[in-house]
>>> print(open('data-v2.cif').read())   # mmCIF, C-alpha atoms and all ligand atoms
data_upload
#
loop_
_atom_site.label_atom_id
_atom_site.label_comp_id
_atom_site.auth_asym_id
_atom_site.auth_seq_id
_atom_site.Cartn_x
_atom_site.Cartn_y
_atom_site.Cartn_z
CA MET Y 61 -13.52 4.99 -9.54
CA GLN Y 62 -16.54 3.57 -11.42
CA LYS Y 63 -16.57 6.72 -13.52
CA HIS Y 64 -12.87 6.31 -14.36
CA LEU Y 65 -13.24 2.60 -15.13
CA ALA Y 66 -15.91 3.44 -17.66
CA TRP Y 67 -13.03 4.50 -19.93
CA SER Y 68 -12.29 0.81 -20.42
CA LYS Y 69 -14.43 -2.16 -21.44
CA PRO Y 70 -14.88 -5.46 -19.60
CA GLY Y 71 -11.94 -7.74 -20.37
CA GLU Y 72 -9.56 -4.84 -21.08
CA LEU Y 73 -6.40 -4.30 -19.03
CA VAL Y 74 -6.23 -1.59 -16.35
CA PHE Y 75 -2.81 -0.71 -14.90
CA ASP Y 76 -1.64 1.22 -11.82
CA PRO Y 77 2.13 1.88 -11.61
CA PHE Y 78 1.78 3.23 -8.01
CA SER Y 79 -0.56 0.73 -6.46
CA GLY Y 80 -0.65 1.91 -2.81
CA ARG Y 81 -3.54 0.10 -1.13
CA GLY Y 82 -4.62 -1.48 -4.41
CA THR Y 83 -7.89 0.37 -4.96
CA THR Y 84 -7.43 0.56 -8.73
CA VAL Y 85 -6.75 -3.15 -9.22
CA PHE Y 86 -9.46 -4.17 -6.76
CA GLU Y 87 -12.16 -2.07 -8.42
CA ALA Y 88 -10.94 -3.19 -11.84
CA VAL Y 89 -11.35 -6.91 -11.12
CA LEU Y 90 -14.70 -6.27 -9.40
CA ASN Y 91 -15.81 -4.66 -12.65
CA ASP Y 92 -14.61 -7.51 -14.88
CA ARG Y 93 -11.49 -5.79 -16.13
CA ARG Y 94 -8.09 -7.44 -16.18
CA ALA Y 95 -5.82 -5.69 -13.69
CA ALA Y 96 -2.11 -5.20 -13.09
CA ALA Y 97 -0.15 -2.97 -10.72
CA CYS Y 98 3.22 -2.51 -9.07
CA ASP Y 99 4.71 -0.76 -6.07
CA THR Y 100 8.18 -0.53 -4.54
CA ASN Y 101 6.80 -0.66 -1.00
CA PRO Y 102 6.38 -4.27 0.22
CA VAL Y 103 3.36 -3.27 2.35
CA ALA Y 104 1.59 -1.84 -0.70
CA ALA Y 105 2.54 -4.84 -2.86
CA CYS Y 106 1.34 -7.34 -0.24
CA VAL Y 107 -1.98 -5.60 0.47
CA SER Y 108 -2.74 -4.93 -3.21
CA ARG Y 109 -1.88 -8.48 -4.21
CA ALA Y 110 -4.07 -9.96 -1.49
CA LYS Y 111 -7.01 -7.86 -2.64
CA VAL Y 112 -6.94 -9.29 -6.14
CA ASN Y 113 -5.84 -12.84 -5.34
CA ALA Y 114 -8.13 -13.85 -2.49
CA PRO Y 115 -7.73 -17.60 -1.86
CA PRO Y 116 -10.68 -19.82 -0.87
CA ILE Y 117 -11.55 -19.31 2.79
CA ASP Y 118 -10.98 -23.03 3.55
CA ALA Y 119 -7.36 -22.73 2.39
CA LEU Y 120 -6.82 -19.73 4.67
CA LEU Y 121 -8.29 -21.41 7.73
CA ALA Y 122 -6.37 -24.65 7.07
CA ARG Y 123 -3.09 -22.72 6.79
CA LEU Y 124 -3.83 -20.82 10.01
CA ASN Y 125 -4.47 -24.11 11.83
CA GLU Y 126 -1.27 -25.55 10.43
CA LEU Y 127 0.74 -22.51 11.57
CA GLN Y 128 -0.82 -22.65 15.02
CA ARG Y 129 0.09 -26.34 15.41
CA LEU Y 130 3.76 -25.65 14.65
CA PRO Y 131 5.87 -25.04 17.77
CA ILE Y 132 5.90 -21.33 18.56
CA ALA Y 133 9.31 -20.12 19.73
CA HIS Y 134 9.61 -17.84 22.73
CA TYR Y 135 11.57 -14.69 22.15
CA GLU Y 136 13.28 -13.57 25.35
CA LYS Y 137 12.94 -9.99 26.48
CA VAL Y 138 16.66 -9.47 25.94
CA ASP Y 139 16.11 -10.05 22.23
CA LYS Y 140 13.74 -7.12 22.02
CA THR Y 141 14.18 -3.39 21.95
CA ASP Y 142 12.17 -1.32 24.47
CA PHE Y 143 9.82 -0.55 21.64
CA PHE Y 144 8.86 -4.18 21.06
CA LEU Y 145 8.61 -4.84 24.81
CA LEU Y 146 6.02 -2.12 25.10
CA CYS Y 147 4.32 -2.46 21.74
CA PHE Y 148 3.22 -6.11 21.97
CA HIS Y 149 2.35 -8.40 24.87
CA GLU Y 150 5.05 -11.10 25.03
CA GLU Y 151 2.77 -13.93 23.88
CA THR Y 152 1.29 -11.77 21.14
CA TYR Y 153 4.84 -10.87 20.06
CA ASP Y 154 5.83 -14.56 19.91
CA GLU Y 155 2.81 -15.33 17.72
CA LEU Y 156 3.59 -12.39 15.46
CA MET Y 157 7.22 -13.43 15.15
CA HIS Y 158 6.02 -16.94 14.32
CA LEU Y 159 3.99 -15.56 11.42
CA ARG Y 160 6.78 -13.17 10.42
CA VAL Y 161 9.22 -16.08 10.16
CA ASN Y 162 6.86 -18.56 8.51
CA LEU Y 163 4.66 -16.60 6.10
CA ASP Y 164 6.04 -16.76 2.57
CA TRP Y 165 4.01 -13.75 1.42
CA GLN Y 166 6.10 -13.02 -1.67
CA ASN Y 167 5.47 -16.42 -3.25
CA ASP Y 168 2.34 -17.94 -1.78
CA PRO Y 169 -1.14 -16.37 -2.27
CA VAL Y 170 -2.54 -17.92 0.94
CA ASP Y 171 0.39 -16.60 2.99
CA CYS Y 172 0.13 -13.25 1.21
CA PHE Y 173 -3.52 -12.92 2.23
CA LEU Y 174 -2.72 -13.87 5.85
CA ALA Y 175 0.16 -11.36 5.90
CA ALA Y 176 -2.07 -8.61 4.47
CA ALA Y 177 -4.79 -9.36 7.05
CA SER Y 178 -2.13 -9.24 9.81
CA LEU Y 179 -0.89 -5.87 8.52
CA GLY Y 180 -4.41 -4.48 8.91
CA LEU Y 181 -4.54 -5.60 12.56
CA LEU Y 182 -0.91 -4.94 13.48
CA HIS Y 183 -1.43 -1.58 15.13
CA GLY Y 184 -4.28 0.74 15.94
CA GLU Y 185 -6.35 2.35 18.64
CA SER Y 186 -6.31 -0.82 20.73
CA HIS Y 187 -7.87 0.86 23.78
CA ARG Y 188 -10.99 1.40 21.69
CA SER Y 189 -11.04 -1.80 19.67
CA PRO Y 190 -10.00 -5.34 20.63
CA ARG Y 191 -9.02 -6.15 17.05
CA TYR Y 192 -5.54 -4.59 17.08
CA PHE Y 193 -2.44 -6.50 18.19
CA SER Y 194 -0.41 -3.53 19.48
CA ASN Y 195 -0.36 -1.11 22.37
CA ARG Y 196 -2.15 2.17 21.52
CA MET Y 197 -0.99 3.54 18.18
CA PRO Y 198 -2.62 5.21 15.19
CA ARG Y 199 -3.88 2.70 12.63
CA THR Y 200 -2.80 4.65 9.57
CA ILE Y 201 0.88 5.29 10.26
CA SER Y 202 3.42 3.66 12.59
CA THR Y 203 4.77 6.17 15.11
CA LYS Y 204 8.55 6.28 15.61
CA PRO Y 205 9.95 3.87 18.26
CA ASP Y 206 11.44 6.42 20.69
CA TYR Y 207 8.39 8.64 20.56
CA SER Y 208 6.09 5.63 21.10
CA VAL Y 209 8.08 4.37 24.10
CA ARG Y 210 8.00 7.83 25.72
CA TRP Y 211 4.28 8.17 25.10
CA TRP Y 212 3.36 4.72 26.42
CA THR Y 213 5.54 5.21 29.51
CA LYS Y 214 4.13 8.64 30.28
CA ASN Y 215 0.56 7.45 29.85
CA ASN Y 216 1.02 4.09 31.63
CA CYS Y 217 -0.07 2.14 28.57
CA LEU Y 218 0.72 -1.56 28.64
CA PRO Y 219 0.40 -3.85 25.62
CA PRO Y 220 -2.79 -5.91 25.58
CA ARG Y 221 -2.75 -9.71 25.26
CA ARG Y 222 -4.23 -10.47 21.87
CA ASP Y 223 -4.60 -13.93 20.39
CA VAL Y 224 -3.22 -13.38 16.91
CA PHE Y 225 -4.72 -16.58 15.47
CA GLU Y 226 -8.18 -15.90 16.92
CA LEU Y 227 -8.23 -12.33 15.67
CA LEU Y 228 -7.10 -13.42 12.22
CA ARG Y 229 -9.93 -15.99 12.08
CA THR Y 230 -12.45 -13.30 13.02
CA GLU Y 231 -10.98 -10.98 10.41
CA ILE Y 232 -11.13 -13.64 7.68
CA ASP Y 233 -14.78 -14.49 8.53
CA TYR Y 234 -15.61 -10.81 8.36
CA ARG Y 235 -13.84 -10.29 5.04
CA TYR Y 236 -15.55 -13.28 3.45
CA VAL Y 237 -19.10 -12.22 4.38
CA THR Y 238 -19.18 -10.80 0.85
CA PRO Y 239 -17.49 -13.26 -1.51
CA PRO Y 240 -14.18 -11.89 -2.88
CA PRO Y 241 -13.89 -11.20 -6.63
CA SER Y 242 -13.69 -14.45 -8.59
CA ASN Y 243 -11.17 -13.13 -11.14
CA SER Y 244 -7.68 -12.11 -10.14
CA GLY Y 245 -5.11 -9.41 -10.90
CA ARG Y 246 -1.34 -9.32 -11.07
CA VAL Y 247 0.64 -7.13 -8.66
CA LEU Y 248 4.44 -7.00 -8.67
CA HIS Y 249 6.80 -5.66 -6.03
CA ILE Y 250 8.92 -3.67 -8.46
CA ASP Y 251 9.85 -0.13 -9.46
CA ALA Y 252 7.36 1.30 -11.96
CA ARG Y 253 10.28 2.33 -14.16
CA GLU Y 254 10.81 -1.37 -14.90
CA ALA Y 255 7.16 -2.16 -15.61
CA SER Y 256 7.41 -3.01 -19.33
CA ALA Y 257 10.36 -5.32 -18.70
CA GLN Y 258 8.71 -7.03 -15.73
CA PHE Y 259 5.25 -7.42 -17.32
CA PRO Y 260 6.28 -8.69 -20.79
CA GLU Y 261 2.97 -10.55 -21.12
CA TYR Y 262 1.12 -7.22 -21.19
CA LYS Y 263 3.01 -5.64 -24.08
CA GLY Y 264 0.62 -3.30 -25.93
CA GLU Y 265 -2.32 -4.35 -23.71
CA VAL Y 266 -2.98 -1.51 -21.27
CA ALA Y 267 -6.18 0.35 -22.22
CA LEU Y 268 -6.46 2.45 -19.09
CA VAL Y 269 -4.09 3.71 -16.38
CA ILE Y 270 -5.59 4.95 -13.13
CA THR Y 271 -2.97 6.11 -10.65
CA SER Y 272 -1.81 8.55 -8.00
CA PRO Y 273 1.97 9.06 -7.89
CA PRO Y 274 3.80 10.01 -4.70
CA TYR Y 275 3.45 13.80 -4.42
CA LEU Y 276 6.39 16.18 -4.49
CA ASP Y 277 8.10 16.35 -1.09
CA THR Y 278 5.08 15.12 0.86
CA THR Y 279 5.42 11.66 2.35
CA ASN Y 280 8.05 9.16 3.26
CA PHE Y 281 6.23 5.89 2.71
CA ALA Y 282 9.01 3.78 4.21
CA GLU Y 283 9.03 5.71 7.49
CA ASP Y 284 5.28 5.97 7.79
CA GLN Y 285 4.79 2.24 7.41
CA TRP Y 286 7.91 1.09 9.24
CA LEU Y 287 6.22 -1.35 11.68
CA ARG Y 288 4.27 -3.03 8.87
CA LEU Y 289 7.51 -3.23 6.89
CA TRP Y 290 9.14 -4.88 9.93
CA PHE Y 291 6.37 -7.49 9.98
CA LEU Y 292 7.09 -8.31 6.33
CA GLY Y 293 10.74 -8.97 7.17
CA GLY Y 294 12.15 -5.44 7.38
CA ALA Y 295 14.38 -3.79 9.97
CA GLU Y 296 13.53 -3.30 13.66
CA ARG Y 297 13.88 0.46 13.32
CA PRO Y 298 12.43 2.86 10.74
CA ASN Y 299 14.44 3.17 7.63
CA SER Y 300 14.02 6.50 5.90
CA SER Y 301 14.23 4.84 2.51
CA LEU Y 302 13.47 1.44 1.05
CA GLY Y 303 16.65 1.74 -0.96
CA VAL Y 304 14.66 3.38 -3.73
CA ASP Y 305 14.33 7.06 -4.37
CA ASP Y 306 10.63 7.42 -3.77
CA ARG Y 307 10.61 10.92 -2.34
CA TYR Y 308 11.54 13.86 -4.48
CA ILE Y 309 12.20 17.28 -3.04
CA ARG Y 310 13.33 19.15 -6.15
CA ARG Y 311 10.90 19.87 -8.94
CA GLU Y 312 13.18 18.98 -11.86
CA GLU Y 313 14.02 15.63 -10.29
CA TYR Y 314 10.36 14.97 -9.58
CA TRP Y 315 9.23 15.54 -13.16
CA GLY Y 316 12.25 13.58 -14.38
CA PHE Y 317 11.17 10.69 -12.17
CA LEU Y 318 7.60 10.75 -13.51
CA ARG Y 319 8.90 10.91 -17.08
CA GLU Y 320 10.97 7.79 -16.39
CA VAL Y 321 7.92 6.05 -14.93
CA TRP Y 322 5.83 6.75 -18.06
CA ALA Y 323 8.77 5.67 -20.23
CA GLY Y 324 9.14 2.50 -18.16
CA MET Y 325 5.58 1.47 -18.94
CA ALA Y 326 5.36 2.86 -22.49
CA ASP Y 327 5.63 -0.55 -24.16
CA MET Y 328 2.67 -1.84 -22.17
CA MET Y 329 0.33 0.81 -23.57
CA ARG Y 330 -2.16 0.05 -26.32
CA SER Y 331 -2.12 2.35 -29.38
CA GLU Y 332 -5.23 4.19 -28.10
CA ALA Y 333 -5.34 4.44 -24.31
CA ARG Y 334 -6.47 6.65 -21.44
CA VAL Y 335 -4.44 7.85 -18.47
CA ILE Y 336 -6.18 9.11 -15.33
CA VAL Y 337 -3.94 10.67 -12.69
CA ARG Y 338 -4.66 12.13 -9.27
CA MET Y 339 -2.05 14.69 -8.28
CA GLY Y 340 -1.70 17.05 -5.37
CA GLY Y 341 0.35 18.12 -2.39
CA SER Y 342 1.06 21.66 -1.35
CA LYS Y 343 4.26 22.17 -3.30
CA LEU Y 344 2.94 22.48 -6.85
CA ASN Y 345 0.20 24.76 -8.09
CA TYR Y 346 -2.49 23.75 -10.57
CA ASP Y 347 -0.80 25.19 -13.67
CA GLU Y 348 2.58 23.75 -12.79
CA THR Y 349 1.03 20.34 -12.18
CA THR Y 350 -0.91 20.40 -15.43
CA GLU Y 351 2.13 21.41 -17.45
CA GLY Y 352 4.48 18.99 -15.70
CA LEU Y 353 2.15 16.06 -16.18
CA GLU Y 354 1.40 16.79 -19.82
CA LYS Y 355 5.07 17.23 -20.66
CA SER Y 356 6.30 14.20 -18.72
CA LEU Y 357 3.63 12.00 -20.35
CA LEU Y 358 4.50 13.25 -23.80
CA LEU Y 359 8.24 12.70 -23.34
CA GLY Y 360 7.88 9.46 -21.38
CA LEU Y 361 5.27 7.69 -23.51
CA GLY Y 362 6.52 9.18 -26.77
CA LYS Y 363 2.93 9.50 -28.06
CA LYS Y 364 0.35 12.17 -28.65
CA VAL Y 365 -1.12 13.29 -25.32
CA SER Y 366 -4.42 15.22 -25.21
CA LEU Y 367 -5.87 16.60 -22.01
CA VAL Y 368 -9.55 15.61 -21.99
CA GLU Y 369 -10.55 16.86 -18.54
CA LYS Y 370 -9.05 18.28 -15.38
CA ARG Y 371 -10.74 19.17 -12.14
CA VAL Y 372 -10.10 19.89 -8.49
CA SER Y 373 -11.09 16.77 -6.63
CA ASP Y 374 -12.79 16.20 -3.31
CA ILE Y 375 -9.90 15.74 -0.91
CA THR Y 376 -11.87 13.96 1.81
CA GLY Y 377 -13.14 11.16 -0.40
CA GLY Y 378 -11.47 8.30 -2.18
CA GLN Y 379 -9.61 5.21 -1.08
CA LEU Y 380 -6.27 6.53 -2.27
CA ARG Y 381 -6.18 8.91 0.65
CA SER Y 382 -6.59 6.19 3.20
CA PHE Y 383 -3.12 4.89 2.37
CA ARG Y 384 -1.77 8.13 3.79
CA PRO Y 385 -4.75 10.10 5.05
CA ASN Y 386 -2.87 12.79 6.92
CA ALA Y 387 -0.12 13.39 4.40
CA ALA Y 388 1.40 16.59 5.72
CA GLY Y 389 0.64 19.64 3.69
CA THR Y 390 -1.65 17.94 1.21
CA LYS Y 391 -4.14 20.72 0.72
CA VAL Y 392 -5.66 20.03 -2.63
CA GLU Y 393 -5.80 17.33 -5.25
CA TYR Y 394 -6.42 17.48 -8.99
CA ASP Y 395 -7.74 14.78 -11.28
CA TYR Y 396 -6.51 14.61 -14.86
CA HIS Y 397 -7.79 12.59 -17.78
CA PHE Y 398 -5.56 12.23 -20.85
CA ALA Y 399 -6.20 10.50 -24.15
CA ILE Y 400 -3.07 8.84 -25.56
CA SER Y 401 -2.75 8.04 -29.25
C1 LIG E 1 -0.65 5.55 -4.09
S1 LIG E 1 0.56 6.31 -3.13
C2 LIG E 1 0.25 8.01 -3.39
C3 LIG E 1 -0.78 8.63 -2.51
C4 LIG E 1 -0.73 10.15 -2.57
N1 LIG E 1 -0.54 10.56 -3.94
C5 LIG E 1 0.37 10.74 -1.66
O1 LIG E 1 1.48 11.06 -2.15
O2 LIG E 1 0.12 10.90 -0.45
C6 LIG E 1 2.03 6.19 -4.06
C7 LIG E 1 2.66 4.81 -4.03
O3 LIG E 1 3.74 4.84 -4.94
C8 LIG E 1 4.73 3.98 -4.45
N2 LIG E 1 5.99 4.27 -5.16
C9 LIG E 1 6.88 5.28 -4.96
N3 LIG E 1 7.88 5.23 -5.85
C10 LIG E 1 7.61 4.18 -6.67
C11 LIG E 1 8.25 3.63 -7.81
N4 LIG E 1 9.39 4.13 -8.28
N5 LIG E 1 7.69 2.55 -8.41
C12 LIG E 1 6.53 2.03 -7.94
N6 LIG E 1 5.88 2.50 -6.85
C13 LIG E 1 6.41 3.56 -6.23
C14 LIG E 1 4.74 4.23 -2.97
O4 LIG E 1 5.31 3.14 -2.28
C15 LIG E 1 3.24 4.39 -2.69
O5 LIG E 1 2.66 3.18 -2.31
#
>>> encode(input="data-v2.cif", output="structure tokens", more="lines below")
Ligand SMILES: C[S@+](CC[C@H](N)C(=O)[O-])C[C@H]1O[C@@H](n2cnc3c(N)ncnc32)[C@H](O)[C@@H]1O
Amino acid sequence: MQKHLAWSKPGELVFDPFSGRGTTVFEAVLNDRRAAACDTNPVAACVSRAKVNAPPIDALLARLNELQRLPIAHYEKVDKTDFFLLCFHEETYDELMHLRVNLDWQNDPVDCFLAAASLGLLHGESHRSPRYFSNRMPRTISTKPDYSVRWWTKNNCLPPRRDVFELLRTEIDYRYVTPPPSNSGRVLHIDAREASAQFPEYKGEVALVITSPPYLDTTNFAEDQWLRLWFLGGAERPNSSLGVDDRYIRREEYWGFLREVWAGMADMMRSEARVIVRMGGSKLNYDETTEGLEKSLLLGLGKKVSLVEKRVSDITGGQLRSFRPNAAGTKVEYDYHFAIS
């Protein structure tokens, strides 16, 4: 990431149209760049935004105390599906619902940070670590409700009692051991195809794009993150789509989508800019990917596009992969560097 950021200078604007976990914006602000990003997935928007808008620790602790002092409703078992009965201890569930109802993560930076911290603790290997709120589950993706219920029942797994407020305090202390970046970035919960319209203040400002688009026919981000989406106000069951077409199966549609994304951010680009893209998945070969990217950038941005460098990247490394580390069929990834003029 440091190597990629070197294609911009301190104070210049770095943009990521597919923010994911927010690695690009986070590294950009750490390195004194201005940073902007967007994502259609609320989990990605919340986590990315929290990373580049960390409030003072006192404000976080005061808000947690305030929330804890408010009366916490009790949600009767009849209100819950079998999944929720088995996923969270009843008191833990009440505390989570209390946060789910009260955190205004879309509008308030303190609440956004608390929501993002909660998302990180929401589910995981709770038999190994006391920091997760849920019954046993992978940390990276939320397993489907029926499968989870069957698995917990078969293996006699009961949900642990976790004190949500206590664990959040521990998490905040831990995160603030190193002071968060002092400058901030701007992350919107929007479709990248609307970026220029939604970021009018950045017209002609973007010097560097560092991004990794969703790969062709690889991942369904809405399904994989369904429990975290629930916590942010979403449905009690997985929803195969967020109402946006973020998974493309057919090649022509995929390249058409990427062309629209580049077109949607074209007005934000400076006259001379760099675009760094990580691409992969098992459905497209190297030549196809190179050609598709070059062509979609040319048509979408409407500028001269020169390929400066391309290479096969180390698939095990990099923060981008931790958003979806076991993306099925992702065998290889390629990094591209384009000069735009
Ligand atoms: C950074 S991740 C990609 C990681 C890796 N390339 C993969 O496919 O496994 C891609 C992000 O793009 C987001 N996304 C998908 N369609 C989008 C769109 N139209 N506008 C903005 N973000 C979008 C997804 O929600 C996801 O967070």
>>> axis_aligned_box(input="data-v2.cif", around="region 179-186 of chain Y", padding_each_side="6 Å", output="lines of an AutoDock Vina configuration file")
center_x = -3.6
center_y = -1.8
center_z = 14.6
size_x = 17.5
size_y = 20.2
size_z = 24.2
>>> closest_atom_pairs(input="data-v2.cif", of="region 228-346 of chain Y", to="region 95-117 of chain Y", cutoff="8 Å", atoms="all atoms listed in the file", output="JSON lines")
{"residue": "Y:Ile232", "atom": "CA", "partner": "Y:Ile117", "partner_atom": "CA", "distance": 7.5}
{"residue": "Y:Tyr236", "atom": "CA", "partner": "Y:Ile117", "partner_atom": "CA", "distance": 7.3}
{"residue": "Y:Pro240", "atom": "CA", "partner": "Y:Ala114", "partner_atom": "CA", "distance": 6.4}
{"residue": "Y:Pro241", "atom": "CA", "partner": "Y:Val112", "partner_atom": "CA", "distance": 7.2}
{"residue": "Y:Asn243", "atom": "CA", "partner": "Y:Val112", "partner_atom": "CA", "distance": 7.6}
{"residue": "Y:Ser244", "atom": "CA", "partner": "Y:Val112", "partner_atom": "CA", "distance": 4.9}
{"residue": "Y:Gly245", "atom": "CA", "partner": "Y:Ala95", "partner_atom": "CA", "distance": 4.7}
{"residue": "Y:Arg246", "atom": "CA", "partner": "Y:Ala96", "partner_atom": "CA", "distance": 4.7}
{"residue": "Y:Val247", "atom": "CA", "partner": "Y:Ala97", "partner_atom": "CA", "distance": 4.7}
{"residue": "Y:Leu248", "atom": "CA", "partner": "Y:Cys98", "partner_atom": "CA", "distance": 4.7}
{"residue": "Y:His249", "atom": "CA", "partner": "Y:Asp99", "partner_atom": "CA", "distance": 5.3}
{"residue": "Y:Ile250", "atom": "CA", "partner": "Y:Thr100", "partner_atom": "CA", "distance": 5.1}
{"residue": "Y:Asp251", "atom": "CA", "partner": "Y:Thr100", "partner_atom": "CA", "distance": 5.2}
{"residue": "Y:Ala252", "atom": "CA", "partner": "Y:Cys98", "partner_atom": "CA", "distance": 6.3}
{"residue": "Y:Ala255", "atom": "CA", "partner": "Y:Cys98", "partner_atom": "CA", "distance": 7.6}
{"residue": "Y:Phe281", "atom": "CA", "partner": "Y:Asn101", "partner_atom": "CA", "distance": 7.5}
{"residue": "Y:Ala282", "atom": "CA", "partner": "Y:Asn101", "partner_atom": "CA", "distance": 7.2}
{"residue": "Y:Gln285", "atom": "CA", "partner": "Y:Val103", "partner_atom": "CA", "distance": 7.6}
{"residue": "Y:Arg288", "atom": "CA", "partner": "Y:Val103", "partner_atom": "CA", "distance": 6.6}
{"residue": "Y:Leu289", "atom": "CA", "partner": "Y:Val103", "partner_atom": "CA", "distance": 6.2}
{"residue": "Y:Leu292", "atom": "CA", "partner": "Y:Pro102", "partner_atom": "CA", "distance": 7.4}
{"residue": "Y:Leu302", "atom": "CA", "partner": "Y:Asn101", "partner_atom": "CA", "distance": 7.3}
{"residue": "Y:Val304", "atom": "CA", "partner": "Y:Thr100", "partner_atom": "CA", "distance": 7.6}
>>> residues_around(input="data-v2.cif", residues="Leu268 (chain Y)", least_positions_apart="2", cutoff="8 Å", atoms="only C-alpha atoms", output="VMD selection string")
chain Y and resid 65 67 to 68 73 to 75 266 270 333 to 336
>>> atom_distance(input="data-v2.cif", atom1="CA of Ser356 (chain Y)", atom2="CA of Ala66 (chain Y)")
24.7 Å
>>> closest_residue(input="data-v2.cif", among="Y:Lys204, Y:Lys63, Y:Lys355, Y:Arg81", to="ligand LIG 1 (chain E)", atoms="only C-alpha atoms and all ligand atoms")
Y:Arg81
>>> closest_residue(input="data-v2.cif", among="Y:Asn345, Y:Ser194, Y:Thr278, Y:Thr230", to="Leu120 (chain Y)", atoms="all atoms listed in the file")
Y:Thr230
>>> atom_distance(input="data-v2.cif", atom1="CA of Gly264 (chain Y)", atom2="CA of Leu353 (chain Y)")
21.7 Å
>>> residues_near_point(input="data-v2.cif", point="(7.9, -18.8, 21.6)", cutoff="9 Å", atoms="only C-alpha atoms", output="PyMOL selection string")
chain Y and resi 131-136+150-151+153-155+157-158
>>> closest_residue(input="data-v2.cif", among="Y:Asn167, Y:Ser202, Y:Ser366, Y:Ser242", to="Asn280 (chain Y)", atoms="only C-alpha atoms")
Y:Ser202
>>> closest_residue(input="data-v2.cif", among="Y:Phe86, Y:Phe291, Y:Tyr394, Y:Phe193", to="Gly341 (chain Y)", atoms="all atoms listed in the file")
Y:Tyr394
>>> closest_residue(input="data-v2.cif", among="Y:Val85, Y:Ala119, Y:Leu181, Y:Leu218", to="ligand LIG 1 (chain E)", atoms="all atoms listed in the file")
Y:Val85
>>> atom_distance(input="data-v2.cif", atom1="CA of Leu276 (chain Y)", atom2="CA of Leu318 (chain Y)")
10.6 Å
>>> closest_residue(input="data-v2.cif", among="Y:Thr279, Y:Lys370, Y:Val269, Y:Val365", to="Ser342 (chain Y)", atoms="all atoms listed in the file")
Y:Thr279
>>> residues_around(input="data-v2.cif", residues="Phe143 (chain Y)", least_positions_apart="2", cutoff="6 Å", atoms="all atoms listed in the file", output="PDB file with C-alpha atoms, in the frame of the given file")
ATOM      1  CA  THR Y 141      14.180  -3.390  21.950  1.00  0.00           C
ATOM      2  CA  LEU Y 145       8.610  -4.840  24.810  1.00  0.00           C
ATOM      3  CA  LEU Y 146       6.020  -2.120  25.100  1.00  0.00           C
ATOM      4  CA  CYS Y 147       4.320  -2.460  21.740  1.00  0.00           C
ATOM      5  CA  PRO Y 205       9.950   3.870  18.260  1.00  0.00           C
ATOM      6  CA  VAL Y 209       8.080   4.370  24.100  1.00  0.00           C
TER       7      VAL Y 209
END
>>> residues_around(input="data-v2.cif", residues="Leu182 (chain Y)", least_positions_apart="4", cutoff="12 Å", atoms="all atoms listed in the file", output="VMD selection string")
chain Y and resid 147 to 148 152 to 153 155 to 157 159 to 160 174 to 178 186 190 to 202 222 to 224 227 to 228 285 to 292
>>> residues_around(input="data-v2.cif", residues="Met325 (chain Y)", least_positions_apart="6", cutoff="9 Å", atoms="all atoms listed in the file", output="VMD selection string")
chain Y and resid 77 252 to 257 360 to 361
>>> write_last_selection(input="data-v2.cif", atoms="C-alpha atoms", output="PDB file, in the frame of the given file")
ATOM      1  CA  PRO Y  77       2.130   1.880 -11.610  1.00  0.00           C
ATOM      2  CA  ALA Y 252       7.360   1.300 -11.960  1.00  0.00           C
ATOM      3  CA  ARG Y 253      10.280   2.330 -14.160  1.00  0.00           C
ATOM      4  CA  GLU Y 254      10.810  -1.370 -14.900  1.00  0.00           C
ATOM      5  CA  ALA Y 255       7.160  -2.160 -15.610  1.00  0.00           C
ATOM      6  CA  SER Y 256       7.410  -3.010 -19.330  1.00  0.00           C
ATOM      7  CA  ALA Y 257      10.360  -5.320 -18.700  1.00  0.00           C
ATOM      8  CA  GLY Y 360       7.880   9.460 -21.380  1.00  0.00           C
ATOM      9  CA  LEU Y 361       5.270   7.690 -23.510  1.00  0.00           C
TER      10      LEU Y 361
END
>>> residues_near_point(input="data-v2.cif", point="(-13.2, -4.9, -14.8)", cutoff="8 Å", atoms="all atoms listed in the file", output="list in words")
Leu65, Lys69, Pro70, Gly71, Glu72, Val74, Glu87, Ala88, Val89, Leu90, Asn91, Asp92, Arg93, Arg94 and Ala95 of chain Y
